[in-house]
Each structure stands twice: as C-alpha cells, then as structure tokens.
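Structure file upload01.pdb with PDB, C-alpha atoms:
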```
ATOM      1  CA  MET A   1     -37.823  23.562 -22.358
ATOM      2  CA  THR A   2     -34.591  24.303 -24.228
ATOM      3  CA  ASP A   3     -32.691  21.711 -22.185
ATOM      4  CA  ASN A   4     -35.373  19.165 -22.991
ATOM      5  CA  LYS A   5     -35.086  19.900 -26.724
ATOM      6  CA  ASP A   6     -31.311  19.608 -26.504
ATOM      7  CA  ASP A   7     -31.634  16.230 -24.737
ATOM      8  CA  ILE A   8     -34.017  14.974 -27.425
ATOM      9  CA  ALA A   9     -31.707  16.182 -30.189
ATOM     10  CA  LYS A  10     -28.684  14.484 -28.583
ATOM     11  CA  HIS A  11     -30.681  11.293 -28.097
ATOM     12  CA  ASN A  12     -31.886  11.288 -31.715
ATOM     13  CA  SER A  13     -28.354  11.911 -32.989
ATOM     14  CA  LYS A  14     -26.978   9.093 -30.833
ATOM     15  CA  MET A  15     -29.669   6.660 -32.010
ATOM     16  CA  ALA A  16     -29.101   7.635 -35.657
ATOM     17  CA  LYS A  17     -25.384   6.828 -35.320
ATOM     18  CA  LYS A  18     -26.197   3.570 -33.562
ATOM     19  CA  LYS A  19     -28.651   2.579 -36.302
ATOM     20  CA  ALA A  20     -26.124   3.380 -39.025
ATOM     21  CA  ALA A  21     -23.485   1.263 -37.283
ATOM     22  CA  ARG A  22     -25.976  -1.557 -36.783
ATOM     23  CA  ASP A  23     -27.055  -1.416 -40.431
ATOM     24  CA  ARG A  24     -23.418  -1.713 -41.533
ATOM     25  CA  ILE A  25     -22.967  -4.803 -39.354
ATOM     26  CA  MET A  26     -26.224  -6.399 -40.557
ATOM     27  CA  ALA A  27     -25.240  -5.834 -44.195
ATOM     28  CA  THR A  28     -22.295  -8.216 -43.688
ATOM     29  CA  LYS A  29     -24.520 -11.038 -42.365
ATOM     30  CA  THR A  30     -25.684 -12.708 -45.554
ATOM     31  CA  GLU A  31     -25.218 -16.453 -45.017
ATOM     32  CA  GLU A  32     -27.838 -18.990 -43.953
ATOM     33  CA  LYS A  33     -27.146 -22.443 -42.523
ATOM     34  CA  GLY A  34     -28.692 -25.042 -40.309
ATOM     35  CA  LEU A  35     -27.507 -24.407 -36.770
ATOM     36  CA  ILE A  36     -26.467 -26.695 -33.950
ATOM     37  CA  ILE A  37     -28.003 -25.033 -30.888
ATOM     38  CA  VAL A  38     -27.265 -26.005 -27.282
ATOM     39  CA  HIS A  39     -29.326 -24.919 -24.267
ATOM     40  CA  THR A  40     -27.700 -25.867 -20.972
ATOM     41  CA  GLY A  41     -27.162 -24.647 -17.412
ATOM     42  CA  LYS A  42     -28.831 -25.060 -14.033
ATOM     43  CA  GLY A  43     -31.409 -22.354 -14.656
ATOM     44  CA  LYS A  44     -34.994 -22.915 -15.769
ATOM     45  CA  GLY A  45     -35.999 -22.314 -19.374
ATOM     46  CA  LYS A  46     -33.845 -24.594 -21.533
ATOM     47  CA  SER A  47     -36.683 -26.661 -22.988
ATOM     48  CA  SER A  48     -39.093 -23.718 -22.852
ATOM     49  CA  ALA A  49     -36.804 -21.634 -25.071
ATOM     50  CA  ALA A  50     -36.331 -24.559 -27.453
ATOM     51  CA  PHE A  51     -40.086 -25.085 -27.756
ATOM     52  CA  GLY A  52     -40.407 -21.383 -28.500
ATOM     53  CA  MET A  53     -38.388 -21.996 -31.678
ATOM     54  CA  ILE A  54     -40.476 -25.062 -32.511
ATOM     55  CA  PHE A  55     -43.616 -22.934 -32.225
ATOM     56  CA  ARG A  56     -42.049 -20.334 -34.500
ATOM     57  CA  HIS A  57     -41.537 -23.035 -37.124
ATOM     58  CA  ILE A  58     -45.129 -24.156 -36.688
ATOM     59  CA  ALA A  59     -46.356 -20.560 -37.034
ATOM     60  CA  HIS A  60     -44.406 -20.181 -40.292
ATOM     61  CA  GLY A  61     -45.739 -23.483 -41.619
ATOM     62  CA  ILE A  62     -42.271 -25.080 -41.558
ATOM     63  CA  PRO A  63     -42.135 -28.779 -40.598
ATOM     64  CA  SER A  64     -40.234 -29.618 -37.421
ATOM     65  CA  ALA A  65     -39.830 -32.525 -35.013
ATOM     66  CA  VAL A  66     -39.290 -33.216 -31.324
ATOM     67  CA  VAL A  67     -37.691 -36.195 -29.591
ATOM     68  CA  GLN A  68     -37.894 -36.260 -25.792
ATOM     69  CA  PHE A  69     -35.092 -38.345 -24.292
ATOM     70  CA  ILE A  70     -35.948 -38.284 -20.586
ATOM     71  CA  LYS A  71     -39.448 -36.933 -20.059
ATOM     72  CA  GLY A  72     -41.991 -39.704 -20.144
ATOM     73  CA  GLY A  73     -45.517 -40.230 -18.908
ATOM     74  CA  LEU A  74     -46.179 -36.767 -17.464
ATOM     75  CA  SER A  75     -48.520 -34.795 -19.688
ATOM     76  CA  THR A  76     -47.090 -31.412 -20.680
ATOM     77  CA  GLY A  77     -48.773 -28.409 -22.221
ATOM     78  CA  GLU A  78     -46.421 -28.194 -25.186
ATOM     79  CA  ARG A  79     -46.776 -31.881 -26.057
ATOM     80  CA  ASP A  80     -50.565 -31.836 -25.768
ATOM     81  CA  LEU A  81     -50.844 -28.660 -27.838
ATOM     82  CA  ILE A  82     -48.621 -29.983 -30.613
ATOM     83  CA  THR A  83     -49.988 -33.527 -30.795
ATOM     84  CA  GLN A  84     -53.617 -32.394 -30.661
ATOM     85  CA  ASN A  85     -53.357 -29.460 -33.062
ATOM     86  CA  PHE A  86     -50.146 -29.517 -35.095
ATOM     87  CA  ALA A  87     -49.291 -33.190 -35.582
ATOM     88  CA  ASP A  88     -49.358 -32.647 -39.347
ATOM     89  CA  ILE A  89     -46.433 -30.216 -39.205
ATOM     90  CA  CYS A  90     -44.536 -31.250 -36.072
ATOM     91  CA  ALA A  91     -43.615 -34.891 -35.420
ATOM     92  CA  PHE A  92     -43.537 -35.466 -31.657
ATOM     93  CA  HIS A  93     -41.878 -38.505 -30.096
ATOM     94  CA  THR A  94     -41.722 -38.982 -26.325
ATOM     95  CA  MET A  95     -39.162 -41.769 -26.013
ATOM     96  CA  GLY A  96     -38.078 -41.443 -22.381
ATOM     97  CA  GLU A  97     -39.617 -43.101 -19.352
ATOM     98  CA  GLY A  98     -38.720 -40.502 -16.770
ATOM     99  CA  PHE A  99     -35.543 -39.633 -14.933
ATOM    100  CA  THR A 100     -33.237 -42.501 -14.012
ATOM    101  CA  TRP A 101     -34.111 -42.327 -10.324
ATOM    102  CA  GLU A 102     -37.732 -43.011 -11.299
ATOM    103  CA  THR A 103     -37.154 -46.047 -13.507
ATOM    104  CA  GLN A 104     -34.527 -47.604 -11.212
ATOM    105  CA  ASP A 105     -33.349 -49.625 -14.201
ATOM    106  CA  LYS A 106     -30.145 -48.505 -15.930
ATOM    107  CA  GLU A 107     -30.354 -51.044 -18.758
ATOM    108  CA  ARG A 108     -33.890 -49.924 -19.532
ATOM    109  CA  ASP A 109     -32.793 -46.293 -19.504
ATOM    110  CA  ILE A 110     -29.919 -47.041 -21.890
ATOM    111  CA  ALA A 111     -32.249 -48.910 -24.237
ATOM    112  CA  ALA A 112     -34.779 -46.067 -24.220
ATOM    113  CA  ALA A 113     -32.097 -43.454 -24.879
ATOM    114  CA  GLY A 114     -30.654 -45.555 -27.687
ATOM    115  CA  ALA A 115     -34.069 -45.891 -29.325
ATOM    116  CA  ALA A 116     -34.596 -42.141 -28.986
ATOM    117  CA  TRP A 117     -31.257 -41.431 -30.662
ATOM    118  CA  GLU A 118     -32.078 -43.783 -33.551
ATOM    119  CA  LYS A 119     -35.388 -41.941 -34.018
ATOM    120  CA  ALA A 120     -33.567 -38.608 -33.816
ATOM    121  CA  LYS A 121     -31.113 -39.621 -36.537
ATOM    122  CA  THR A 122     -33.960 -40.652 -38.827
ATOM    123  CA  LEU A 123     -35.717 -37.326 -38.317
ATOM    124  CA  ILE A 124     -32.553 -35.257 -38.762
ATOM    125  CA  ARG A 125     -31.699 -37.047 -42.020
ATOM    126  CA  ASP A 126     -35.194 -36.264 -43.345
ATOM    127  CA  THR A 127     -34.793 -32.900 -45.047
ATOM    128  CA  ARG A 128     -38.503 -32.154 -44.683
ATOM    129  CA  TYR A 129     -37.815 -31.152 -41.089
ATOM    130  CA  ARG A 130     -36.083 -27.791 -40.765
ATOM    131  CA  MET A 131     -35.690 -28.065 -36.989
ATOM    132  CA  VAL A 132     -35.322 -31.121 -34.759
ATOM    133  CA  LEU A 133     -35.419 -30.637 -30.996
ATOM    134  CA  LEU A 134     -33.578 -33.250 -28.928
ATOM    135  CA  ASP A 135     -35.064 -32.479 -25.537
ATOM    136  CA  GLU A 136     -32.889 -33.475 -22.538
ATOM    137  CA  ILE A 137     -30.378 -35.330 -24.712
ATOM    138  CA  ASN A 138     -27.562 -33.643 -22.776
ATOM    139  CA  ILE A 139     -28.632 -35.557 -19.679
ATOM    140  CA  ALA A 140     -28.668 -38.853 -21.559
ATOM    141  CA  MET A 141     -25.133 -38.157 -22.797
ATOM    142  CA  ARG A 142     -23.930 -37.096 -19.353
ATOM    143  CA  TYR A 143     -25.069 -40.410 -17.848
ATOM    144  CA  GLY A 144     -23.376 -42.298 -20.664
ATOM    145  CA  TYR A 145     -26.619 -43.661 -22.101
ATOM    146  CA  ILE A 146     -25.601 -42.298 -25.513
ATOM    147  CA  ASP A 147     -22.073 -41.917 -26.859
ATOM    148  CA  GLU A 148     -21.529 -38.161 -27.005
ATOM    149  CA  SER A 149     -18.690 -38.415 -29.519
ATOM    150  CA  ALA A 150     -21.008 -40.317 -31.862
ATOM    151  CA  VAL A 151     -23.667 -37.602 -31.520
ATOM    152  CA  ILE A 152     -21.164 -34.838 -32.281
ATOM    153  CA  ALA A 153     -19.749 -36.770 -35.259
ATOM    154  CA  PHE A 154     -23.231 -37.443 -36.654
ATOM    155  CA  LEU A 155     -24.209 -33.781 -36.450
ATOM    156  CA  LYS A 156     -20.952 -32.784 -38.144
ATOM    157  CA  ASP A 157     -21.056 -35.386 -40.906
ATOM    158  CA  GLU A 158     -24.705 -36.215 -41.567
ATOM    159  CA  LYS A 159     -26.891 -33.278 -40.549
ATOM    160  CA  PRO A 160     -28.359 -31.702 -43.697
ATOM    161  CA  PRO A 161     -26.904 -28.229 -44.329
ATOM    162  CA  MET A 162     -30.149 -26.336 -43.683
ATOM    163  CA  THR A 163     -31.479 -28.340 -40.732
ATOM    164  CA  HIS A 164     -31.371 -26.801 -37.252
ATOM    165  CA  VAL A 165     -30.816 -29.206 -34.350
ATOM    166  CA  VAL A 166     -31.443 -28.102 -30.757
ATOM    167  CA  LEU A 167     -29.967 -30.052 -27.837
ATOM    168  CA  THR A 168     -31.206 -29.260 -24.334
ATOM    169  CA  GLY A 169     -30.333 -30.317 -20.813
ATOM    170  CA  ARG A 170     -27.935 -29.537 -17.999
ATOM    171  CA  ASN A 171     -24.210 -30.173 -18.014
ATOM    172  CA  ALA A 172     -23.456 -29.904 -21.713
ATOM    173  CA  SER A 173     -19.800 -30.829 -22.154
ATOM    174  CA  ASP A 174     -17.116 -28.515 -23.464
ATOM    175  CA  ALA A 175     -16.872 -30.681 -26.572
ATOM    176  CA  LEU A 176     -20.592 -30.330 -27.312
ATOM    177  CA  ILE A 177     -20.514 -26.583 -26.746
ATOM    178  CA  GLU A 178     -17.467 -26.300 -28.999
ATOM    179  CA  SER A 179     -19.348 -28.132 -31.764
ATOM    180  CA  ALA A 180     -22.355 -25.797 -31.507
ATOM    181  CA  ASP A 181     -23.064 -22.696 -33.570
ATOM    182  CA  LEU A 182     -25.150 -21.213 -30.756
ATOM    183  CA  ALA A 183     -24.815 -22.150 -27.090
ATOM    184  CA  THR A 184     -26.709 -20.590 -24.198
ATOM    185  CA  GLU A 185     -26.258 -21.262 -20.501
ATOM    186  CA  MET A 186     -29.296 -20.632 -18.311
ATOM    187  CA  THR A 187     -28.057 -19.322 -14.964
ATOM    188  CA  LEU A 188     -30.034 -20.108 -11.819
ATOM    189  CA  LEU A 189     -30.602 -17.020  -9.668
ATOM    190  CA  LYS A 190     -33.696 -18.072  -7.709
ATOM    191  CA  HIS A 191     -36.083 -21.008  -7.884
ATOM    192  CA  PRO A 192     -39.339 -21.520  -5.977
ATOM    193  CA  PHE A 193     -38.537 -25.221  -5.450
ATOM    194  CA  ARG A 194     -36.008 -24.153  -2.830
ATOM    195  CA  SER A 195     -38.827 -22.495  -0.927
ATOM    196  CA  GLY A 196     -40.941 -25.643  -0.904
ATOM    197  CA  ILE A 197     -43.059 -24.789  -3.942
ATOM    198  CA  LYS A 198     -43.744 -27.721  -6.260
ATOM    199  CA  ALA A 199     -43.700 -27.739 -10.050
ATOM    200  CA  GLN A 200     -46.840 -26.036 -11.323
ATOM    201  CA  ILE A 201     -48.978 -26.454 -14.418
ATOM    202  CA  GLY A 202     -48.335 -23.765 -17.010
ATOM    203  CA  VAL A 203     -44.913 -22.941 -15.541
ATOM    204  CA  GLU A 204     -42.973 -26.201 -15.504
ATOM    205  CA  TYR A 205     -45.226 -28.380 -17.653
TER
END
```
Structure rendered as structure tokens:
Amino acid sequence: MTDNKDDIAKHNSKMAKKKAARDRIMATKTEEKGLIIVHTGKGKGKSSAAFGMIFRHIAHGIPSAVVQFIKGGLSTGERDLITQNFADICAFHTMGEGFTWETQDKERDIAAAGAAWEKAKTLIRDTRYRMVLLDEINIAMRYGYIDESAVIAFLKDEKPPMTHVVLTGRNASDALIESADLATEMTLLKHPFRSGIKAQIGVEY
C-alpha cells in the first residue's frame, strides 16, 4: 500500500512539473495567422485529415471551401454530406474528372486542373473563407498540369493573412514543403489493397 502511495505521489509530482513546463511554453505562443498546410505521403488519410479540419470550421460556423483537383464523378461521403447539408457555409467544387489514366486525355486533364486552380484562387482571395482545401492539388502539380512555382508564389503573395490553405496529395515537392507552415507525411505501413481488398464505402469514400 505504501509503495502504491509513493508511486502515485511521484507520478503526480512528475505530471505537475510537466504541466508547469507546458504552461510556460504555451504562454509564449500568442500569434495567429493563416497557415499553409501540406498533407502528403504514400499512406492513407491525407484528404481525410484535411476534411476533418473543414468539418471543424463547419462546426464552428466558419465559412470554408473545397476544390477537388482530381476526384471526379465518384460520389463520396464527405462531398454528399457537405453539399446536401452545409452548402451555405462550405463551397464545394469538384473540378477533376478522375485520375489521368481514367481520362486518357492529357490536354483535357490540363484544362480541368487549370480551371480548378482559377477557382481556387478566387476562393482564396475571398476573405469570407477562413479555410480553402485544395484536394489532390499535389498530384496535379507533380504531373505538370499546374505550375507549382506559380502556386507557391500566389500563396506567398496573395493569400489573405488569416486564410488557411490545405494542399493534399502524394509527392509534395521539397519546395512546396519548404513554403508550408505545417507539413505532414502519411507513412504507409499496411494497406488492405495489397491483400486484394477493394476500396470500401465509409473508409475510402
């Protein structure tokens, strides 16, 4: 019993010191700014995590917007939920027509990506929107459908100070990551696709 009390006392003392140290650190974090956020990597969850932040904005009654650069005709749970229930607070634009191996038309893909980027710029410039999600834009930049240097320059020079912009997709470049305030790489450890399991409703879409 005594040993147990000693363990509890040591634990409480350790946690009290940790809290005090944490409080000192948090007291120095006083600034707010609109962030450039990059989700990349081979692992699952890049768009899912980004939509989590969009839903937080919706829950707080803060206007936001989504532009999907690659995903096209396939109905997804997040798009249906937002367009059917929260269209007044979240502008949703699906501008892609599917992955390039589905369209089999590079010029069409470039045109679609260009139109999506023009829409994205309009939404980002509109200060009503506190977060704009550019879903799968990293893929469009990787294939050269959009000029990455122009995207980075626009975000640096024209993004309103308090607007968050989230860019998702595999293979984000070093330059894009360097320009970001927050960059996360999703690491693939296991995936059911490798075991012959197809994409499933509620998990992938």
Ser173 (chain A) surroundings by all atoms listed in the file, 9 Å radius, close-in-sequence under 2 positions cut, as a compact mmCIF listing (two decimals) with C-alpha atoms, keeping the file's coordinate frame:
```
# COMPACT_ATOMS: atom_id res chain seq x y z
CA ASN A 138 -27.56 -33.64 -22.78
CA ARG A 142 -23.93 -37.10 -19.35
CA GLU A 148 -21.53 -38.16 -27.00
CA ASN A 171 -24.21 -30.17 -18.01
CA ALA A 175 -16.87 -30.68 -26.57
CA LEU A 176 -20.59 -30.33 -27.31
CA ILE A 177 -20.51 -26.58 -26.75
CA GLU A 178 -17.47 -26.30 -29.00
```
Pick out the residues sitting within 7 Å of His93 (chain A), and hand them over as a PDB file with C-alpha atoms, keeping the file's coordinate frame; count only C-alpha atoms, and ignore anything fewer than 2 positions along from it in its own chain.
```
ATOM      1  CA  VAL A  66     -39.290 -33.216 -31.324  1.00  0.00           C
ATOM      2  CA  VAL A  67     -37.691 -36.195 -29.591  1.00  0.00           C
ATOM      3  CA  GLN A  68     -37.894 -36.260 -25.792  1.00  0.00           C
ATOM      4  CA  ALA A  91     -43.615 -34.891 -35.420  1.00  0.00           C
ATOM      5  CA  MET A  95     -39.162 -41.769 -26.013  1.00  0.00           C
TER       6      MET A  95
END
```
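Against the coordinates shown, the PyMOL selection byres ((chain A and resi 160) around 12) returns Lys33, Gly34, Leu35, Ile36, Lys121, Thr122, Leu123, Ile124, Arg125, Asp126, Thr127, Arg128, Tyr129, Arg130, Met131, Val132, Phe154, Leu155, Lys156, Asp157, Glu158, Lys159, Pro161, Met162, Thr163, His164 and Val165 of chain A.
Proximity to Phe55 (chain A) was assessed for A:Ile110, A:Leu133, A:Met26, A:Ile37 counting only C-alpha atoms; the smallest distance is recorded for A:Leu133.
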If I take CA of Glu185 (chain A) and CA of Thr168 (chain A), how far is one from the other in Å, to one decimal?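 Interatomic distance, CA of Glu185 (chain A) to CA of Thr168 (chain A): 10.2 Å.
Near region 111-113 of chain A, within 7 Å and counting only C-alpha atoms, sit Phe69, Met95, Gly96, Glu107, Arg108, Asp109, Ala115, Ala116, Trp117, Ala140, Tyr145 and Ile146 of chain A, not including residues fewer than 2 positions from it in the same chain.
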Taking the partial coordinates given, rebuild region 109-140 of chain A to contain N, CA and C atoms; return it as a PDB file, in the frame of the given file.
```pdb
ATOM      1  N   ASP A 109     -33.057 -47.682 -19.144  1.00  0.00           N
ATOM      2  CA  ASP A 109     -32.793 -46.293 -19.504  1.00  0.00           C
ATOM      3  C   ASP A 109     -31.885 -46.205 -20.723  1.00  0.00           C
ATOM      4  N   ILE A 110     -30.848 -47.044 -20.758  1.00  0.00           N
ATOM      5  CA  ILE A 110     -29.919 -47.041 -21.890  1.00  0.00           C
ATOM      6  C   ILE A 110     -30.637 -47.453 -23.174  1.00  0.00           C
ATOM      7  N   ALA A 111     -31.499 -48.455 -23.065  1.00  0.00           N
ATOM      8  CA  ALA A 111     -32.249 -48.910 -24.237  1.00  0.00           C
ATOM      9  C   ALA A 111     -33.186 -47.825 -24.751  1.00  0.00           C
ATOM     10  N   ALA A 112     -33.861 -47.132 -23.827  1.00  0.00           N
ATOM     11  CA  ALA A 112     -34.779 -46.067 -24.220  1.00  0.00           C
ATOM     12  C   ALA A 112     -34.031 -44.914 -24.878  1.00  0.00           C
ATOM     13  N   ALA A 113     -32.891 -44.545 -24.300  1.00  0.00           N
ATOM     14  CA  ALA A 113     -32.097 -43.454 -24.879  1.00  0.00           C
ATOM     15  C   ALA A 113     -31.561 -43.837 -26.254  1.00  0.00           C
ATOM     16  N   GLY A 114     -31.136 -45.096 -26.392  1.00  0.00           N
ATOM     17  CA  GLY A 114     -30.654 -45.555 -27.687  1.00  0.00           C
ATOM     18  C   GLY A 114     -31.734 -45.518 -28.747  1.00  0.00           C
ATOM     19  N   ALA A 115     -32.941 -45.937 -28.384  1.00  0.00           N
ATOM     20  CA  ALA A 115     -34.069 -45.891 -29.325  1.00  0.00           C
ATOM     21  C   ALA A 115     -34.401 -44.451 -29.697  1.00  0.00           C
ATOM     22  N   ALA A 116     -34.327 -43.558 -28.721  1.00  0.00           N
ATOM     23  CA  ALA A 116     -34.596 -42.141 -28.986  1.00  0.00           C
ATOM     24  C   ALA A 116     -33.561 -41.565 -29.944  1.00  0.00           C
ATOM     25  N   TRP A 117     -32.305 -41.936 -29.778  1.00  0.00           N
ATOM     26  CA  TRP A 117     -31.257 -41.431 -30.662  1.00  0.00           C
ATOM     27  C   TRP A 117     -31.428 -41.980 -32.076  1.00  0.00           C
ATOM     28  N   GLU A 118     -31.820 -43.235 -32.218  1.00  0.00           N
ATOM     29  CA  GLU A 118     -32.078 -43.783 -33.551  1.00  0.00           C
ATOM     30  C   GLU A 118     -33.222 -43.023 -34.231  1.00  0.00           C
ATOM     31  N   LYS A 119     -34.270 -42.729 -33.471  1.00  0.00           N
ATOM     32  CA  LYS A 119     -35.388 -41.941 -34.018  1.00  0.00           C
ATOM     33  C   LYS A 119     -34.902 -40.554 -34.404  1.00  0.00           C
ATOM     34  N   ALA A 120     -34.084 -39.950 -33.544  1.00  0.00           N
ATOM     35  CA  ALA A 120     -33.567 -38.608 -33.816  1.00  0.00           C
ATOM     36  C   ALA A 120     -32.763 -38.585 -35.111  1.00  0.00           C
ATOM     37  N   LYS A 121     -31.925 -39.578 -35.314  1.00  0.00           N
ATOM     38  CA  LYS A 121     -31.113 -39.621 -36.537  1.00  0.00           C
ATOM     39  C   LYS A 121     -31.997 -39.715 -37.783  1.00  0.00           C
ATOM     40  N   THR A 122     -33.036 -40.520 -37.693  1.00  0.00           N
ATOM     41  CA  THR A 122     -33.960 -40.652 -38.827  1.00  0.00           C
ATOM     42  C   THR A 122     -34.614 -39.310 -39.146  1.00  0.00           C
ATOM     43  N   LEU A 123     -35.053 -38.608 -38.113  1.00  0.00           N
ATOM     44  CA  LEU A 123     -35.717 -37.326 -38.317  1.00  0.00           C
ATOM     45  C   LEU A 123     -34.749 -36.271 -38.852  1.00  0.00           C
ATOM     46  N   ILE A 124     -33.533 -36.250 -38.317  1.00  0.00           N
ATOM     47  CA  ILE A 124     -32.553 -35.257 -38.762  1.00  0.00           C
ATOM     48  C   ILE A 124     -32.177 -35.495 -40.222  1.00  0.00           C
ATOM     49  N   ARG A 125     -32.052 -36.741 -40.625  1.00  0.00           N
ATOM     50  CA  ARG A 125     -31.699 -37.047 -42.020  1.00  0.00           C
ATOM     51  C   ARG A 125     -32.812 -36.659 -42.988  1.00  0.00           C
ATOM     52  N   ASP A 126     -34.038 -36.582 -42.499  1.00  0.00           N
ATOM     53  CA  ASP A 126     -35.194 -36.264 -43.345  1.00  0.00           C
ATOM     54  C   ASP A 126     -35.235 -34.754 -43.570  1.00  0.00           C
ATOM     55  N   THR A 127     -34.919 -34.332 -44.759  1.00  0.00           N
ATOM     56  CA  THR A 127     -34.793 -32.900 -45.047  1.00  0.00           C
ATOM     57  C   THR A 127     -36.124 -32.147 -45.022  1.00  0.00           C
ATOM     58  N   ARG A 128     -37.231 -32.864 -44.854  1.00  0.00           N
ATOM     59  CA  ARG A 128     -38.503 -32.154 -44.683  1.00  0.00           C
ATOM     60  C   ARG A 128     -38.502 -31.334 -43.400  1.00  0.00           C
ATOM     61  N   TYR A 129     -37.801 -31.808 -42.393  1.00  0.00           N
ATOM     62  CA  TYR A 129     -37.815 -31.152 -41.089  1.00  0.00           C
ATOM     63  C   TYR A 129     -36.696 -30.122 -41.007  1.00  0.00           C
ATOM     64  N   ARG A 130     -37.080 -28.864 -40.828  1.00  0.00           N
ATOM     65  CA  ARG A 130     -36.083 -27.791 -40.765  1.00  0.00           C
ATOM     66  C   ARG A 130     -35.521 -27.603 -39.364  1.00  0.00           C
ATOM     67  N   MET A 131     -36.218 -28.090 -38.349  1.00  0.00           N
ATOM     68  CA  MET A 131     -35.690 -28.065 -36.989  1.00  0.00           C
ATOM     69  C   MET A 131     -36.060 -29.359 -36.283  1.00  0.00           C
ATOM     70  N   VAL A 132     -35.077 -29.938 -35.575  1.00  0.00           N
ATOM     71  CA  VAL A 132     -35.322 -31.121 -34.759  1.00  0.00           C
ATOM     72  C   VAL A 132     -34.828 -30.809 -33.349  1.00  0.00           C
ATOM     73  N   LEU A 133     -35.740 -30.891 -32.398  1.00  0.00           N
ATOM     74  CA  LEU A 133     -35.419 -30.637 -30.996  1.00  0.00           C
ATOM     75  C   LEU A 133     -35.142 -31.953 -30.286  1.00  0.00           C
ATOM     76  N   LEU A 134     -33.964 -32.070 -29.705  1.00  0.00           N
ATOM     77  CA  LEU A 134     -33.578 -33.250 -28.928  1.00  0.00           C
ATOM     78  C   LEU A 134     -33.630 -32.843 -27.462  1.00  0.00           C
ATOM     79  N   ASP A 135     -34.809 -32.997 -26.878  1.00  0.00           N
ATOM     80  CA  ASP A 135     -35.064 -32.479 -25.537  1.00  0.00           C
ATOM     81  C   ASP A 135     -34.442 -33.377 -24.471  1.00  0.00           C
ATOM     82  N   GLU A 136     -33.579 -32.797 -23.644  1.00  0.00           N
ATOM     83  CA  GLU A 136     -32.889 -33.475 -22.538  1.00  0.00           C
ATOM     84  C   GLU A 136     -31.856 -34.492 -23.003  1.00  0.00           C
ATOM     85  N   ILE A 137     -31.411 -34.396 -24.252  1.00  0.00           N
ATOM     86  CA  ILE A 137     -30.378 -35.330 -24.712  1.00  0.00           C
ATOM     87  C   ILE A 137     -29.071 -35.123 -23.967  1.00  0.00           C
ATOM     88  N   ASN A 138     -28.809 -33.895 -23.507  1.00  0.00           N
ATOM     89  CA  ASN A 138     -27.562 -33.643 -22.776  1.00  0.00           C
ATOM     90  C   ASN A 138     -27.468 -34.498 -21.514  1.00  0.00           C
ATOM     91  N   ILE A 139     -28.618 -34.722 -20.881  1.00  0.00           N
ATOM     92  CA  ILE A 139     -28.632 -35.557 -19.679  1.00  0.00           C
ATOM     93  C   ILE A 139     -28.324 -37.008 -20.033  1.00  0.00           C
ATOM     94  N   ALA A 140     -28.925 -37.476 -21.127  1.00  0.00           N
ATOM     95  CA  ALA A 140     -28.668 -38.853 -21.559  1.00  0.00           C
ATOM     96  C   ALA A 140     -27.187 -39.057 -21.886  1.00  0.00           C
TER      97      ALA A 140
END
```
